[in-house]
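Trainee: structure.cif is the file, holding mmCIF, C-alpha atoms:
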data_entry
#
loop_
_atom_site.label_atom_id
_atom_site.label_comp_id
_atom_site.auth_asym_id
_atom_site.auth_seq_id
_atom_site.Cartn_x
_atom_site.Cartn_y
_atom_site.Cartn_z
CA MET A 1 80.12 -110.72 210.20
CA ASN A 2 83.11 -112.94 209.39
CA LEU A 3 84.85 -110.68 206.86
CA PRO A 4 88.39 -111.72 205.86
CA PRO A 5 90.70 -108.67 205.82
CA LEU A 6 92.46 -107.50 202.69
CA PRO A 7 96.21 -108.27 202.64
CA ALA A 8 98.35 -105.43 204.03
CA ILE A 9 100.67 -105.78 201.01
CA MET A 10 97.72 -104.66 198.86
CA LEU A 11 96.70 -101.77 201.10
CA GLU A 12 100.05 -100.17 201.86
CA PRO A 13 100.72 -98.68 198.38
CA LEU A 14 97.27 -97.05 198.39
CA VAL A 15 97.67 -95.54 201.84
CA ARG A 16 101.28 -94.52 201.29
CA ALA A 17 100.36 -92.69 198.07
CA ALA A 18 97.51 -90.87 199.82
CA LEU A 19 99.79 -89.79 202.68
CA LEU A 20 102.46 -88.56 200.28
CA GLU A 21 99.84 -86.53 198.43
CA ASP A 22 98.86 -84.86 201.72
CA LEU A 23 102.35 -84.38 203.15
CA GLY A 24 103.65 -82.69 200.00
CA ARG A 25 107.15 -81.25 200.10
CA ALA A 26 107.35 -80.08 203.72
CA GLY A 27 105.13 -82.36 205.81
CA ASP A 28 102.48 -81.32 208.32
CA LEU A 29 103.44 -77.70 209.02
CA THR A 30 100.53 -77.14 211.40
CA SER A 31 100.96 -80.13 213.72
CA ASP A 32 104.77 -79.88 213.73
CA ALA A 33 104.57 -76.22 214.76
CA ILE A 34 101.88 -76.50 217.42
CA ILE A 35 102.17 -79.96 219.03
CA PRO A 36 105.25 -80.77 221.16
CA LYS A 37 107.23 -83.65 219.73
CA GLY A 38 106.76 -86.06 222.63
CA HIS A 39 103.12 -85.27 223.36
CA ARG A 40 100.72 -88.23 223.39
CA ALA A 41 96.95 -88.21 222.90
CA THR A 42 93.91 -90.45 222.71
CA THR A 43 91.29 -89.79 220.06
CA LEU A 44 88.01 -91.48 219.15
CA LEU A 45 86.74 -92.42 215.71
CA THR A 46 83.06 -91.59 216.16
CA ALA A 47 80.10 -92.16 213.84
CA ARG A 48 78.04 -89.04 213.16
CA GLN A 49 75.47 -90.96 211.12
CA ALA A 50 73.94 -94.41 211.28
CA GLY A 51 75.59 -96.85 208.91
CA THR A 52 77.90 -99.78 208.27
CA VAL A 53 81.64 -99.63 208.92
CA ALA A 54 84.31 -100.50 206.35
CA GLY A 55 87.94 -99.50 205.90
CA LEU A 56 89.39 -99.71 209.41
CA ASP A 57 92.52 -101.51 208.19
CA LEU A 58 93.32 -98.62 205.85
CA ALA A 59 92.69 -96.08 208.59
CA MET A 60 94.95 -97.94 211.00
CA LEU A 61 97.64 -98.25 208.35
CA ALA A 62 97.55 -94.49 207.74
CA PHE A 63 98.36 -93.83 211.39
CA ARG A 64 100.98 -96.59 211.61
CA LEU A 65 102.85 -95.47 208.48
CA ILE A 66 103.34 -92.06 210.07
CA ASP A 67 104.36 -93.57 213.40
CA PRO A 68 104.30 -97.31 214.25
CA ASN A 69 103.73 -96.41 217.91
CA VAL A 70 100.13 -95.37 217.23
CA GLU A 71 97.68 -97.95 218.58
CA MET A 72 94.06 -98.53 217.56
CA ILE A 73 91.47 -100.41 219.59
CA VAL A 74 88.47 -101.34 217.46
CA HIS A 75 85.02 -101.35 219.02
CA SER A 76 82.92 -101.78 215.85
CA PRO A 77 84.73 -103.86 213.21
CA ASP A 78 84.17 -103.72 209.47
CA GLY A 79 80.67 -104.89 208.67
CA GLY A 80 79.36 -103.63 212.01
CA GLU A 81 76.33 -101.37 212.30
CA VAL A 82 76.73 -98.06 214.11
CA ALA A 83 74.40 -95.30 215.31
CA PRO A 84 75.18 -91.58 215.62
CA GLY A 85 77.62 -91.04 218.48
CA HIS A 86 78.84 -94.64 218.42
CA ILE A 87 82.58 -95.03 219.05
CA ILE A 88 84.05 -97.09 216.22
CA ALA A 89 87.63 -97.17 217.53
CA SER A 90 90.04 -95.39 219.83
CA VAL A 91 93.38 -94.18 218.48
CA SER A 92 96.21 -93.49 220.91
CA GLY A 93 99.86 -92.53 220.58
CA PRO A 94 102.08 -89.64 219.45
CA ALA A 95 99.72 -86.70 218.90
CA ARG A 96 101.59 -85.32 215.90
CA ALA A 97 101.29 -88.63 214.04
CA ILE A 98 97.58 -88.94 214.79
CA LEU A 99 96.83 -85.45 213.51
CA THR A 100 99.04 -85.84 210.45
CA ALA A 101 97.32 -89.07 209.39
CA GLU A 102 93.82 -88.00 210.41
CA ARG A 103 92.51 -86.82 207.04
CA THR A 104 93.93 -89.73 205.05
CA ALA A 105 92.52 -92.22 207.56
CA LEU A 106 89.10 -90.58 207.51
CA ASN A 107 89.02 -90.25 203.72
CA PHE A 108 89.37 -94.00 203.34
CA LEU A 109 87.12 -94.87 206.28
CA CYS A 110 84.28 -92.49 205.38
CA HIS A 111 84.33 -93.42 201.68
CA LEU A 112 84.36 -97.17 202.20
CA SER A 113 81.83 -97.01 205.04
CA GLY A 114 79.56 -95.04 202.71
CA ILE A 115 79.74 -97.85 200.14
CA ALA A 116 79.09 -100.47 202.83
CA THR A 117 76.13 -98.46 204.15
CA ALA A 118 74.58 -98.06 200.70
CA THR A 119 75.04 -101.76 200.00
CA ALA A 120 73.48 -102.73 203.33
CA SER A 121 70.41 -100.63 202.52
CA ILE A 122 69.82 -102.52 199.26
CA VAL A 123 70.57 -105.89 200.86
CA ALA A 124 67.97 -105.12 203.53
CA ALA A 125 65.45 -104.06 200.87
CA VAL A 126 65.61 -107.45 199.10
CA ARG A 127 65.81 -109.63 202.22
CA GLY A 128 63.49 -112.60 201.92
CA HIS A 129 64.15 -113.04 198.22
CA GLY A 130 66.93 -115.10 196.65
CA ALA A 131 68.63 -112.26 194.80
CA LYS A 132 72.20 -111.28 195.65
CA ILE A 133 73.31 -107.64 195.41
CA VAL A 134 76.53 -107.30 193.40
CA CYS A 135 78.74 -104.39 192.39
CA THR A 136 80.29 -103.60 188.99
CA ARG A 137 83.56 -102.30 187.50
CA LYS A 138 82.31 -98.71 187.91
CA THR A 139 84.91 -98.02 190.57
CA THR A 140 87.41 -95.27 191.43
CA PRO A 141 90.64 -95.95 189.50
CA GLY A 142 93.14 -97.59 191.84
CA LEU A 143 90.56 -98.29 194.55
CA ARG A 144 88.63 -101.19 193.00
CA ALA A 145 89.79 -103.88 195.42
CA VAL A 146 88.95 -101.86 198.53
CA GLU A 147 85.65 -100.57 197.15
CA LYS A 148 84.58 -104.11 196.31
CA TYR A 149 85.67 -105.13 199.81
CA ALA A 150 83.34 -102.43 201.18
CA VAL A 151 80.47 -103.94 199.18
CA ARG A 152 81.15 -107.26 200.89
CA ALA A 153 81.25 -105.49 204.27
CA GLY A 154 77.74 -104.25 203.53
CA GLY A 155 76.49 -107.78 202.84
CA GLY A 156 76.78 -107.66 199.05
CA ALA A 157 78.85 -109.75 196.66
CA ASN A 158 81.29 -108.97 193.88
CA HIS A 159 80.93 -109.16 190.11
CA ARG A 160 84.06 -109.18 187.94
CA PHE A 161 87.20 -107.62 189.44
CA GLY A 162 88.59 -107.01 185.97
CA LEU A 163 88.37 -107.81 182.29
CA ASP A 164 90.33 -111.03 182.83
CA ASP A 165 87.83 -112.63 185.25
CA ALA A 166 85.26 -113.78 182.71
CA ILE A 167 83.73 -112.93 179.35
CA LEU A 168 80.89 -110.41 179.46
CA ILE A 169 79.55 -109.73 175.98
CA LYS A 170 77.92 -106.30 176.06
CA ASP A 171 75.88 -104.39 173.51
CA ASN A 172 78.88 -102.79 171.79
CA HIS A 173 80.62 -106.16 171.46
CA ILE A 174 77.49 -107.54 169.83
CA ALA A 175 77.10 -104.56 167.51
CA ILE A 176 80.71 -104.60 166.31
CA ALA A 177 80.83 -108.40 166.00
CA GLY A 178 77.66 -108.38 163.91
CA GLY A 179 75.30 -110.21 166.25
CA ILE A 180 74.90 -112.34 169.35
CA ARG A 181 75.65 -115.62 167.62
CA THR A 182 78.93 -114.41 166.11
CA ALA A 183 80.03 -112.86 169.38
CA MET A 184 79.16 -115.96 171.41
CA GLU A 185 80.82 -118.38 168.98
CA ARG A 186 84.01 -116.34 168.85
CA ALA A 187 84.07 -116.06 172.64
CA ARG A 188 83.59 -119.77 173.19
CA SER A 189 86.33 -120.70 170.71
CA SER A 190 88.82 -118.32 172.32
CA VAL A 191 88.80 -119.30 176.02
CA GLY A 192 89.26 -122.36 178.18
CA HIS A 193 86.53 -124.45 179.72
CA LEU A 194 86.78 -122.76 183.11
CA VAL A 195 86.02 -119.27 181.80
CA LYS A 196 82.36 -118.34 182.11
CA ILE A 197 80.49 -116.45 179.41
CA GLU A 198 77.77 -113.92 180.13
CA VAL A 199 75.84 -112.03 177.47
CA GLU A 200 73.95 -108.76 177.86
CA VAL A 201 70.48 -108.46 176.35
CA ASP A 202 67.90 -105.70 176.54
CA THR A 203 64.93 -107.34 174.84
CA LEU A 204 63.17 -110.67 175.24
CA ALA A 205 63.88 -111.43 171.58
CA GLN A 206 67.61 -111.05 172.21
CA LEU A 207 67.29 -113.24 175.29
CA GLU A 208 65.66 -116.01 173.25
CA GLU A 209 68.51 -115.83 170.73
CA ALA A 210 71.15 -115.89 173.47
CA LEU A 211 69.59 -118.85 175.31
CA ALA A 212 69.84 -120.99 172.19
CA LEU A 213 73.63 -120.58 172.49
CA THR A 214 73.74 -121.77 176.15
CA PRO A 215 75.51 -118.91 177.94
CA ASP A 216 76.50 -119.35 181.59
CA ALA A 217 74.71 -116.13 182.54
CA VAL A 218 72.48 -113.48 180.98
CA LEU A 219 72.57 -109.81 181.90
CA LEU A 220 69.07 -108.35 181.58
CA ASP A 221 69.75 -104.67 181.08
CA ASN A 222 67.20 -101.93 181.79
CA MET A 223 64.22 -104.26 181.60
CA SER A 224 60.93 -103.44 183.30
CA VAL A 225 59.76 -105.56 186.23
CA ASP A 226 57.20 -107.22 183.95
CA GLU A 227 59.89 -108.03 181.38
CA LEU A 228 62.10 -109.44 184.12
CA HIS A 229 59.29 -111.78 185.21
CA GLN A 230 59.01 -113.01 181.63
CA ALA A 231 62.78 -113.29 181.24
CA VAL A 232 63.21 -115.38 184.40
CA ALA A 233 60.44 -117.70 183.19
CA MET A 234 62.11 -118.01 179.76
CA VAL A 235 65.49 -118.84 181.30
CA ALA A 236 63.91 -121.42 183.62
CA GLY A 237 67.16 -122.10 185.45
CA ARG A 238 69.27 -122.72 182.35
CA ALA A 239 71.56 -119.77 183.11
CA THR A 240 72.29 -117.35 185.94
CA THR A 241 70.09 -114.28 185.61
CA GLU A 242 71.32 -110.78 186.39
CA ALA A 243 69.30 -107.55 186.38
CA SER A 244 70.96 -104.18 185.96
CA GLY A 245 70.14 -100.58 185.13
CA ARG A 246 69.29 -97.76 187.57
CA ILE A 247 68.09 -100.04 190.37
CA THR A 248 67.44 -98.21 193.64
CA ALA A 249 66.37 -99.35 197.10
CA ALA A 250 62.81 -98.35 196.20
CA ILE A 251 62.48 -100.71 193.22
CA ALA A 252 64.94 -103.42 194.30
CA PRO A 253 62.29 -105.48 196.16
CA ALA A 254 60.10 -105.67 193.05
CA VAL A 255 63.12 -106.66 190.95
CA ALA A 256 64.12 -109.33 193.48
CA ALA A 257 60.57 -110.68 193.56
CA THR A 258 60.85 -111.64 189.89
CA GLY A 259 63.11 -114.53 190.90
CA ILE A 260 66.26 -112.93 189.49
CA ASP A 261 69.57 -114.38 190.77
CA LEU A 262 71.70 -111.23 190.84
CA ILE A 263 71.05 -107.48 190.94
CA SER A 264 74.09 -105.48 189.84
CA ILE A 265 74.28 -101.84 190.91
CA GLY A 266 77.02 -99.52 189.68
CA TRP A 267 76.16 -96.58 191.91
CA LEU A 268 77.19 -98.49 195.03
CA THR A 269 80.82 -97.78 194.14
CA HIS A 270 80.63 -94.72 191.89
CA SER A 271 78.08 -92.55 193.69
CA ALA A 272 77.45 -93.72 197.26
CA PRO A 273 77.72 -90.78 199.71
CA ILE A 274 80.29 -91.02 202.46
CA LEU A 275 79.39 -92.06 205.99
CA ASP A 276 80.19 -89.09 208.23
CA ILE A 277 82.81 -90.19 210.77
CA GLY A 278 84.90 -87.86 212.90
CA LEU A 279 88.11 -88.09 214.93
CA ASP A 280 87.58 -86.44 218.32
CA TYR A 281 90.20 -85.70 220.97
CA ARG A 282 89.54 -87.20 224.38
CA GLU A 283 90.95 -85.39 227.41
CA LEU A 284 93.06 -87.80 229.50
#
Take the structure in the file and write it out as structure tokens.
Mentor:
Amino acid sequence: MNLPPLPAIMLEPLVRAALLEDLGRAGDLTSDAIIPKGHRATTLLTARQAGTVAGLDLAMLAFRLIDPNVEMIVHSPDGGEVAPGHIIASVSGPARAILTAERTALNFLCHLSGIATATASIVAAVRGHGAKIVCTRKTTPGLRAVEKYAVRAGGGANHRFGLDDAILIKDNHIAIAGGIRTAMERARSSVGHLVKIEVEVDTLAQLEEALALTPDAVLLDNMSVDELHQAVAMVAGRATTEASGRITAAIAPAVAATGIDLISIGWLTHSAPILDIGLDYREL
């Protein structure tokens, strides 16, 4: 997979903050006491479960920020599939630095690989249909960019990165504004021609009202598969269609078969379990 890396300037503050949280006031008391200062070691980042890798740049940065002499050789890059026992990368250099950075590196790598793995499972479930799997803004505060990167590593795509990307008129906006028409008209009069407008609906009657106002996209929230079939037919290509609401790998194929354009899934970033990856010492 040709996956452009995230800029290091974006990653370093995240990794530095995580290391500082772990190092506390006195540093790594255990490694500093037990491991001789000049001792070198080689360790292996090894998958303990099958899955999809994401987050190697953050892991490498964790080691390098502790000691720039640590070297990582990647065997399975981000986006790569691994089986239990598969060596993802080897990490060599000053042993103290490797052990000090180990938990921070694994926290990022396991978390992001878990998101990539969950995304890949849904992408595989809908293969053969035209629907794209996209994430949402239901992300860990401060980690949105890297979590959305992990979704891409798993073969998914990204929805909005923030409130300033596009207008998404949700149910509370509609309720407070007094209706879909008022909300849509105010939105259109407030932004430039390059800003897209999406409106959330949860009934076919609302969809009919929204379509008369020519939105760029419609978010079909918590609709049944039958309703989604009807909604896609009603839209008839006039707007991008997006399905959302508790969509799992089990029901995703049926949702995709309705002809929907996008399936947005919040749990990919807020609830995906980690991928179990370990750092194992290799005797030289």
Trainee: For the structure provided, state which residues fall under the PyMOL selection byres ((chain A and resi 7-14) around 8), and present them as a PyMOL selection string.
Mentor: chain A and resi 5-6+15-18+58+61+142-143
Trainee: Contacts of A:Leu19 at 10 Å or less, counting all atoms listed in the file, minus same-chain residues fewer than 3 places along, as a list in words?
Mentor: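 The neighbour list is Pro13, Leu14, Val15, Arg16, Asp22, Leu23, Gly24, Gly27, Ala62, Phe63, Leu65, Ile66, Thr100, Ala101, Glu102, Arg103, Thr104 and Ala105 of chain A.
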Trainee: Just C-alpha atoms for this one: save the residues we selected as an mmCIF file, in the coordinates of the input.
Mentor:
data_model
loop_
_atom_site.group_PDB
_atom_site.id
_atom_site.type_symbol
_atom_site.label_atom_id
_atom_site.label_comp_id
_atom_site.auth_asym_id
_atom_site.auth_seq_id
_atom_site.Cartn_x
_atom_site.Cartn_y
_atom_site.Cartn_z
ATOM 1 C CA PRO A 13 100.720 -98.680 198.380
ATOM 2 C CA LEU A 14 97.270 -97.050 198.390
ATOM 3 C CA VAL A 15 97.670 -95.540 201.840
ATOM 4 C CA ARG A 16 101.280 -94.520 201.290
ATOM 5 C CA ASP A 22 98.860 -84.860 201.720
ATOM 6 C CA LEU A 23 102.350 -84.380 203.150
ATOM 7 C CA GLY A 24 103.650 -82.690 200.000
ATOM 8 C CA GLY A 27 105.130 -82.360 205.810
ATOM 9 C CA ALA A 62 97.550 -94.490 207.740
ATOM 10 C CA PHE A 63 98.360 -93.830 211.390
ATOM 11 C CA LEU A 65 102.850 -95.470 208.480
ATOM 12 C CA ILE A 66 103.340 -92.060 210.070
ATOM 13 C CA THR A 100 99.040 -85.840 210.450
ATOM 14 C CA ALA A 101 97.320 -89.070 209.390
ATOM 15 C CA GLU A 102 93.820 -88.000 210.410
ATOM 16 C CA ARG A 103 92.510 -86.820 207.040
ATOM 17 C CA THR A 104 93.930 -89.730 205.050
ATOM 18 C CA ALA A 105 92.520 -92.220 207.560
#
Trainee: Could you tell me how far atom CA of A:Val91 sits from atom CA of A:Ala153, in Å to one decimal place?
Mentor: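 If I compute the distance from atom CA of A:Ala153 to atom CA of A:Val91, I get 21.8 Å.
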Trainee: Apply the PyMOL selection byres ((chain A and resi 258) around 8) to the structure shown and report the selected residues as a list in words.
Mentor: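 Against this file, the PyMOL selection byres ((chain A and resi 258) around 8) returns the residues Val225, Leu228, His229, Val232, Ala254, Val255, Ala256, Ala257, Gly259 and Ile260 of chain A.
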Trainee: Could you give me, as a tab-separated table, a per-residue list for stretch 49-153 of chain A showing, wherever an atom lies at most 6 Å from an atom of stretch 270-273 of chain A, the closest pair of atoms and their distance in Å to one decimal, using all atoms listed in the file and sorting by chain then residue number from low to high?
Mentor:
residue	atom	partner	partner_atom	distance
A:Gly114	CA	A:Pro273	CA	5.5
A:Ile115	CA	A:Ala272	CA	5.5
A:Lys138	CA	A:His270	CA	5.9
A:Thr139	CA	A:His270	CA	5.6
Trainee: Taking the file above as input, evaluate the PyMOL selection byres ((chain A and resi 237) around 12) and report the hits as a PyMOL selection string.
Mentor: chain A and resi 211+214-218+231-236+238-241+259-261
Trainee: What separation in Å, quoted to one decimal, exists between atom CA of A:Trp267 and atom CA of A:Thr248?
Mentor: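 These two atoms are separated by 9.0 Å.
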Trainee: Only N, CA, C and O atoms needed: put stretch 182-197 of chain A from the block into a file as a PDB file, in the first residue's frame.
Mentor:
ATOM      1  N   THR A 182     -34.623  26.167   7.064  1.00  0.00           N
ATOM      2  CA  THR A 182     -33.964  27.312   7.703  1.00  0.00           C
ATOM      3  C   THR A 182     -32.473  27.036   7.886  1.00  0.00           C
ATOM      4  O   THR A 182     -31.628  27.892   7.602  1.00  0.00           O
ATOM      5  N   ALA A 183     -32.164  25.846   8.369  1.00  0.00           N
ATOM      6  CA  ALA A 183     -30.761  25.496   8.600  1.00  0.00           C
ATOM      7  C   ALA A 183     -29.977  25.511   7.299  1.00  0.00           C
ATOM      8  O   ALA A 183     -28.851  26.054   7.234  1.00  0.00           O
ATOM      9  N   MET A 184     -30.522  24.912   6.251  1.00  0.00           N
ATOM     10  CA  MET A 184     -29.834  24.861   4.961  1.00  0.00           C
ATOM     11  C   MET A 184     -29.650  26.252   4.362  1.00  0.00           C
ATOM     12  O   MET A 184     -28.571  26.594   3.857  1.00  0.00           O
ATOM     13  N   GLU A 185     -30.676  27.071   4.410  1.00  0.00           N
ATOM     14  CA  GLU A 185     -30.586  28.418   3.829  1.00  0.00           C
ATOM     15  C   GLU A 185     -29.569  29.270   4.568  1.00  0.00           C
ATOM     16  O   GLU A 185     -28.791  30.008   3.948  1.00  0.00           O
ATOM     17  N   ARG A 186     -29.547  29.176   5.886  1.00  0.00           N
ATOM     18  CA  ARG A 186     -28.559  29.929   6.661  1.00  0.00           C
ATOM     19  C   ARG A 186     -27.145  29.438   6.365  1.00  0.00           C
ATOM     20  O   ARG A 186     -26.208  30.241   6.252  1.00  0.00           O
ATOM     21  N   ALA A 187     -26.992  28.132   6.243  1.00  0.00           N
ATOM     22  CA  ALA A 187     -25.669  27.568   5.951  1.00  0.00           C
ATOM     23  C   ALA A 187     -25.164  28.046   4.601  1.00  0.00           C
ATOM     24  O   ALA A 187     -24.014  28.495   4.467  1.00  0.00           O
ATOM     25  N   ARG A 188     -26.022  27.969   3.593  1.00  0.00           N
ATOM     26  CA  ARG A 188     -25.602  28.335   2.247  1.00  0.00           C
ATOM     27  C   ARG A 188     -25.253  29.820   2.136  1.00  0.00           C
ATOM     28  O   ARG A 188     -24.348  30.205   1.389  1.00  0.00           O
ATOM     29  N   SER A 189     -25.937  30.658   2.898  1.00  0.00           N
ATOM     30  CA  SER A 189     -25.672  32.100   2.823  1.00  0.00           C
ATOM     31  C   SER A 189     -24.435  32.512   3.615  1.00  0.00           C
ATOM     32  O   SER A 189     -23.969  33.644   3.486  1.00  0.00           O
ATOM     33  N   SER A 190     -23.888  31.577   4.394  1.00  0.00           N
ATOM     34  CA  SER A 190     -22.795  31.937   5.306  1.00  0.00           C
ATOM     35  C   SER A 190     -21.416  31.491   4.842  1.00  0.00           C
ATOM     36  O   SER A 190     -20.413  31.907   5.416  1.00  0.00           O
ATOM     37  N   VAL A 191     -21.342  30.606   3.830  1.00  0.00           N
ATOM     38  CA  VAL A 191     -20.042  30.061   3.438  1.00  0.00           C
ATOM     39  C   VAL A 191     -19.788  30.267   1.953  1.00  0.00           C
ATOM     40  O   VAL A 191     -20.697  30.560   1.180  1.00  0.00           O
ATOM     41  N   GLY A 192     -18.529  30.089   1.576  1.00  0.00           N
ATOM     42  CA  GLY A 192     -18.133  30.250   0.185  1.00  0.00           C
ATOM     43  C   GLY A 192     -18.544  29.075  -0.679  1.00  0.00           C
ATOM     44  O   GLY A 192     -18.988  28.023  -0.182  1.00  0.00           O
ATOM     45  N   HIS A 193     -18.328  29.222  -1.970  1.00  0.00           N
ATOM     46  CA  HIS A 193     -18.798  28.222  -2.925  1.00  0.00           C
ATOM     47  C   HIS A 193     -18.023  26.908  -2.876  1.00  0.00           C
ATOM     48  O   HIS A 193     -18.475  25.896  -3.422  1.00  0.00           O
ATOM     49  N   LEU A 194     -16.853  26.915  -2.254  1.00  0.00           N
ATOM     50  CA  LEU A 194     -16.061  25.689  -2.173  1.00  0.00           C
ATOM     51  C   LEU A 194     -16.396  24.836  -0.954  1.00  0.00           C
ATOM     52  O   LEU A 194     -15.900  23.710  -0.841  1.00  0.00           O
ATOM     53  N   VAL A 195     -17.180  25.349  -0.043  1.00  0.00           N
ATOM     54  CA  VAL A 195     -17.525  24.610   1.174  1.00  0.00           C
ATOM     55  C   VAL A 195     -18.745  23.728   0.914  1.00  0.00           C
ATOM     56  O   VAL A 195     -19.810  24.221   0.542  1.00  0.00           O
ATOM     57  N   LYS A 196     -18.593  22.430   1.121  1.00  0.00           N
ATOM     58  CA  LYS A 196     -19.698  21.513   0.898  1.00  0.00           C
ATOM     59  C   LYS A 196     -20.655  21.503   2.088  1.00  0.00           C
ATOM     60  O   LYS A 196     -20.259  21.773   3.221  1.00  0.00           O
ATOM     61  N   ILE A 197     -21.904  21.175   1.784  1.00  0.00           N
ATOM     62  CA  ILE A 197     -22.944  21.125   2.812  1.00  0.00           C
ATOM     63  C   ILE A 197     -23.571  19.732   2.817  1.00  0.00           C
ATOM     64  O   ILE A 197     -24.062  19.253   1.794  1.00  0.00           O
TER      65      ILE A 197
END
